[in-house]
Amino acid sequence: MTSTRSVLTRVSFRRTYQAKRVIRRQRMGQRPKPGSRRKDSLAKRRTQGRLTRIRHHLSDLKDALRDLEEVSDAAREEELQEPSETAFSVARRLIPEMYSISPRRFMVYPMPEGYIAIDGRSGDDRAVMMMCGSSGDARCIVTIDGEDRRAIYSTSQRLPDDFVRQALNELETGLV
Amino acid sequence: MSDPVSEADAAGSAIADTEELGRGVFSSQQARLSRQHGVPASVSRERDGHREISVDRLSLAPIDQAVKNGEAIARARGPNRTFYGWAVIPAVDVRNAGCDVEAAPLADGANPYHANIILPDAAVTDSSAQDQYAQRLAIKASWKERP
């Protein structure tokens, strides 16, 4: 099983590596041109801003994975059916995947009938909720700008699919 | 917010669009997420097949009465249960989400400010539709901490 720490490390490493590579390219490639110093410093500042944002988002991912660790306790407190280990392992895989498509603070919490919800919001009009079922099934419930749609999956192995990706992208952009 | 009205007036009166309806929250995780990030859909999701979502008419109920009602529910649920506050949704947003809302004062005057959000028939037989209504209601809800 993949641990929370290794998932975080993997995503963190990938994102930081990509950003550092951009800085390295700038340093190596843009030196000779006179007058490009201002451009250089602008690009550098932009990249550093991006790095700061990535660090901020990574803490969102970490918080979502921490929510997941509390799901069993929360289910007991709410007198809900406790999700199975299968539901946990699907959620543990999907949280970083969803995060990499749409970096934000996903809320993770138990739902009735042994489901775990991974819930992303944008304002009071957009929400994408992935529900991981105890038998490995899943549901994706979407409300974007007053329009609803949902998809039901008997297995979550191929998730996130195009339906989920489009919904997550629309959290930012609105209906496409 | 309207002035509190007498119990007799509140019981059974029609629910105006401007009224605020409060769904009691008794889970520490739901309360924490509601404070920081938004009301989770689990707050407005009953078990499969349940059509009614129990709420209080916060625009009418005196606040100390509403808190007492919440505490009574927490006590009834078990010794270690806590009442944290409400997920508040305006009646107009409930109706816009495709649900109905009706006054349902509890017998013996236990809670004259009680009301039910009623899900459409489709949600009773289709649990994913029930999830969808829960999501519609949750995104319009805001958090109100108990005093």
# chains A, B, ... in the order shown; residues from 1 in each chain; ligands from 1
>>> closest_atom_pairs(of="chain B", to="chain A", cutoff="8 Å", atoms="only C-alpha atoms", output="JSON lines")
{"residue": "B:Phe26", "atom": "CA", "partner": "A:Glu78", "partner_atom": "CA", "distance": 7.4}
{"residue": "B:Ser27", "atom": "CA", "partner": "A:Glu78", "partner_atom": "CA", "distance": 6.1}
{"residue": "B:Ser28", "atom": "CA", "partner": "A:Ala74", "partner_atom": "CA", "distance": 7.5}
{"residue": "B:Gln29", "atom": "CA", "partner": "A:Ala74", "partner_atom": "CA", "distance": 6.2}
{"residue": "B:Gln30", "atom": "CA", "partner": "A:Tyr109", "partner_atom": "CA", "distance": 7.9}
{"residue": "B:Leu33", "atom": "CA", "partner": "A:Met107", "partner_atom": "CA", "distance": 7.2}
{"residue": "B:His37", "atom": "CA", "partner": "A:Met107", "partner_atom": "CA", "distance": 7.6}
{"residue": "B:Pro40", "atom": "CA", "partner": "A:Met107", "partner_atom": "CA", "distance": 7.5}
{"residue": "B:Ser42", "atom": "CA", "partner": "A:Met111", "partner_atom": "CA", "distance": 5.5}
{"residue": "B:Arg45", "atom": "CA", "partner": "A:Pro112", "partner_atom": "CA", "distance": 7.6}
{"residue": "B:Glu46", "atom": "CA", "partner": "A:Pro112", "partner_atom": "CA", "distance": 7.4}
{"residue": "B:Arg47", "atom": "CA", "partner": "A:Pro112", "partner_atom": "CA", "distance": 5.7}
{"residue": "B:Asp48", "atom": "CA", "partner": "A:Pro112", "partner_atom": "CA", "distance": 7.4}
{"residue": "B:Arg81", "atom": "CA", "partner": "A:Glu77", "partner_atom": "CA", "distance": 7.8}
{"residue": "B:Ser128", "atom": "CA", "partner": "A:Arg139", "partner_atom": "CA", "distance": 7.5}
{"residue": "B:Asp131", "atom": "CA", "partner": "A:Ile141", "partner_atom": "CA", "distance": 7.2}
{"residue": "B:Gln132", "atom": "CA", "partner": "A:Ile141", "partner_atom": "CA", "distance": 6.1}
{"residue": "B:Gln135", "atom": "CA", "partner": "A:Ala127", "partner_atom": "CA", "distance": 7.5}
{"residue": "B:Arg136", "atom": "CA", "partner": "A:Thr143", "partner_atom": "CA", "distance": 7.0}
{"residue": "B:Ile139", "atom": "CA", "partner": "A:Asp124", "partner_atom": "CA", "distance": 5.2}
{"residue": "B:Lys140", "atom": "CA", "partner": "A:Asp124", "partner_atom": "CA", "distance": 5.8}
>>> write_last_selection(atoms="N, CA and C atoms", output="PDB file, in the first residue's frame")
ATOM      1  N   PHE B  26     -23.422  17.922  14.500  1.00  0.00           N
ATOM      2  CA  PHE B  26     -23.048  17.223  15.730  1.00  0.00           C
ATOM      3  C   PHE B  26     -21.735  16.460  15.572  1.00  0.00           C
ATOM      4  N   SER B  27     -21.012  16.739  14.502  1.00  0.00           N
ATOM      5  CA  SER B  27     -19.751  16.030  14.251  1.00  0.00           C
ATOM      6  C   SER B  27     -18.615  17.048  14.260  1.00  0.00           C
ATOM      7  N   SER B  28     -17.526  16.718  14.978  1.00  0.00           N
ATOM      8  CA  SER B  28     -16.408  17.656  15.085  1.00  0.00           C
ATOM      9  C   SER B  28     -15.764  17.889  13.724  1.00  0.00           C
ATOM     10  N   GLN B  29     -15.693  16.841  12.887  1.00  0.00           N
ATOM     11  CA  GLN B  29     -15.063  17.023  11.574  1.00  0.00           C
ATOM     12  C   GLN B  29     -15.927  17.916  10.673  1.00  0.00           C
ATOM     13  N   GLN B  30     -17.248  17.677  10.698  1.00  0.00           N
ATOM     14  CA  GLN B  30     -18.138  18.510   9.879  1.00  0.00           C
ATOM     15  C   GLN B  30     -18.057  19.978  10.318  1.00  0.00           C
ATOM     16  N   LEU B  33     -14.596  21.490   9.144  1.00  0.00           N
ATOM     17  CA  LEU B  33     -14.574  21.752   7.697  1.00  0.00           C
ATOM     18  C   LEU B  33     -15.500  22.922   7.352  1.00  0.00           C
ATOM     19  N   HIS B  37     -13.684  25.647   5.346  1.00  0.00           N
ATOM     20  CA  HIS B  37     -13.678  25.459   3.889  1.00  0.00           C
ATOM     21  C   HIS B  37     -15.053  25.439   3.229  1.00  0.00           C
ATOM     22  N   PRO B  40     -19.782  20.578   4.353  1.00  0.00           N
ATOM     23  CA  PRO B  40     -19.699  19.314   3.601  1.00  0.00           C
ATOM     24  C   PRO B  40     -21.092  18.817   3.193  1.00  0.00           C
ATOM     25  N   SER B  42     -22.206  15.983   3.409  1.00  0.00           N
ATOM     26  CA  SER B  42     -22.723  14.976   4.346  1.00  0.00           C
ATOM     27  C   SER B  42     -23.705  15.598   5.341  1.00  0.00           C
ATOM     28  N   ARG B  45     -27.076  15.256   3.779  1.00  0.00           N
ATOM     29  CA  ARG B  45     -27.348  13.940   3.169  1.00  0.00           C
ATOM     30  C   ARG B  45     -27.841  12.996   4.257  1.00  0.00           C
ATOM     31  N   GLU B  46     -29.118  12.616   4.133  1.00  0.00           N
ATOM     32  CA  GLU B  46     -29.660  11.612   5.047  1.00  0.00           C
ATOM     33  C   GLU B  46     -29.309  10.228   4.517  1.00  0.00           C
ATOM     34  N   ARG B  47     -29.646   9.203   5.285  1.00  0.00           N
ATOM     35  CA  ARG B  47     -29.396   7.838   4.819  1.00  0.00           C
ATOM     36  C   ARG B  47     -30.226   7.559   3.563  1.00  0.00           C
ATOM     37  N   ASP B  48     -29.792   6.542   2.796  1.00  0.00           N
ATOM     38  CA  ASP B  48     -30.470   6.211   1.535  1.00  0.00           C
ATOM     39  C   ASP B  48     -31.979   6.066   1.737  1.00  0.00           C
ATOM     40  N   ARG B  81     -21.970  13.133  22.689  1.00  0.00           N
ATOM     41  CA  ARG B  81     -22.276  13.911  21.494  1.00  0.00           C
ATOM     42  C   ARG B  81     -22.337  15.395  21.834  1.00  0.00           C
ATOM     43  N   SER B 128     -27.772   8.229  -5.965  1.00  0.00           N
ATOM     44  CA  SER B 128     -26.868   9.240  -6.531  1.00  0.00           C
ATOM     45  C   SER B 128     -27.605  10.570  -6.714  1.00  0.00           C
ATOM     46  N   ASP B 131     -27.427  12.205  -3.477  1.00  0.00           N
ATOM     47  CA  ASP B 131     -26.119  12.874  -3.329  1.00  0.00           C
ATOM     48  C   ASP B 131     -26.129  14.234  -4.024  1.00  0.00           C
ATOM     49  N   GLN B 132     -26.754  14.251  -5.208  1.00  0.00           N
ATOM     50  CA  GLN B 132     -26.763  15.491  -5.987  1.00  0.00           C
ATOM     51  C   GLN B 132     -27.530  16.598  -5.247  1.00  0.00           C
ATOM     52  N   GLN B 135     -25.457  17.893  -2.440  1.00  0.00           N
ATOM     53  CA  GLN B 135     -24.424  18.814  -2.917  1.00  0.00           C
ATOM     54  C   GLN B 135     -25.009  20.197  -3.228  1.00  0.00           C
ATOM     55  N   ARG B 136     -26.162  20.206  -3.909  1.00  0.00           N
ATOM     56  CA  ARG B 136     -26.802  21.491  -4.238  1.00  0.00           C
ATOM     57  C   ARG B 136     -27.081  22.296  -2.975  1.00  0.00           C
ATOM     58  N   ILE B 139     -23.644  23.563  -1.098  1.00  0.00           N
ATOM     59  CA  ILE B 139     -22.859  24.686  -1.642  1.00  0.00           C
ATOM     60  C   ILE B 139     -23.534  26.028  -1.367  1.00  0.00           C
ATOM     61  N   LYS B 140     -24.820  25.990  -1.080  1.00  0.00           N
ATOM     62  CA  LYS B 140     -25.528  27.248  -0.772  1.00  0.00           C
ATOM     63  C   LYS B 140     -25.555  27.530   0.729  1.00  0.00           C
TER      64      LYS B 140
END
>>> select_by_dssp(residues="chain B", states="strand (DSSP E)", output="number ranges by chain")
B: 20-25, 52-57, 85-90, 100-103, 114-118, 142-145
>>> residues_around(residues="B:Val92", least_positions_apart="6", cutoff="9 Å", atoms="only C-alpha atoms", output="ChimeraX atom specification")
/B:16-20
>>> write_last_selection(atoms="C-alpha atoms", output="PDB file, in the first residue's frame")
ATOM      1  CA  ALA B  16     -41.129  32.507   3.506  1.00  0.00           C
ATOM      2  CA  ASP B  17     -38.323  32.543   0.914  1.00  0.00           C
ATOM      3  CA  THR B  18     -36.351  34.899   3.128  1.00  0.00           C
ATOM      4  CA  GLU B  19     -36.326  32.561   6.130  1.00  0.00           C
ATOM      5  CA  GLU B  20     -33.053  30.961   7.190  1.00  0.00           C
TER       6      GLU B  20
END
>>> atom_distance(atom1="atom CA of B:Val39", atom2="atom CA of B:Arg95")
18.3 Å
>>> closest_residue(among="B:Cys99, B:Val43, B:Ile15, B:Ala61", to="B:Ala87", atoms="only C-alpha atoms")
B:Val43
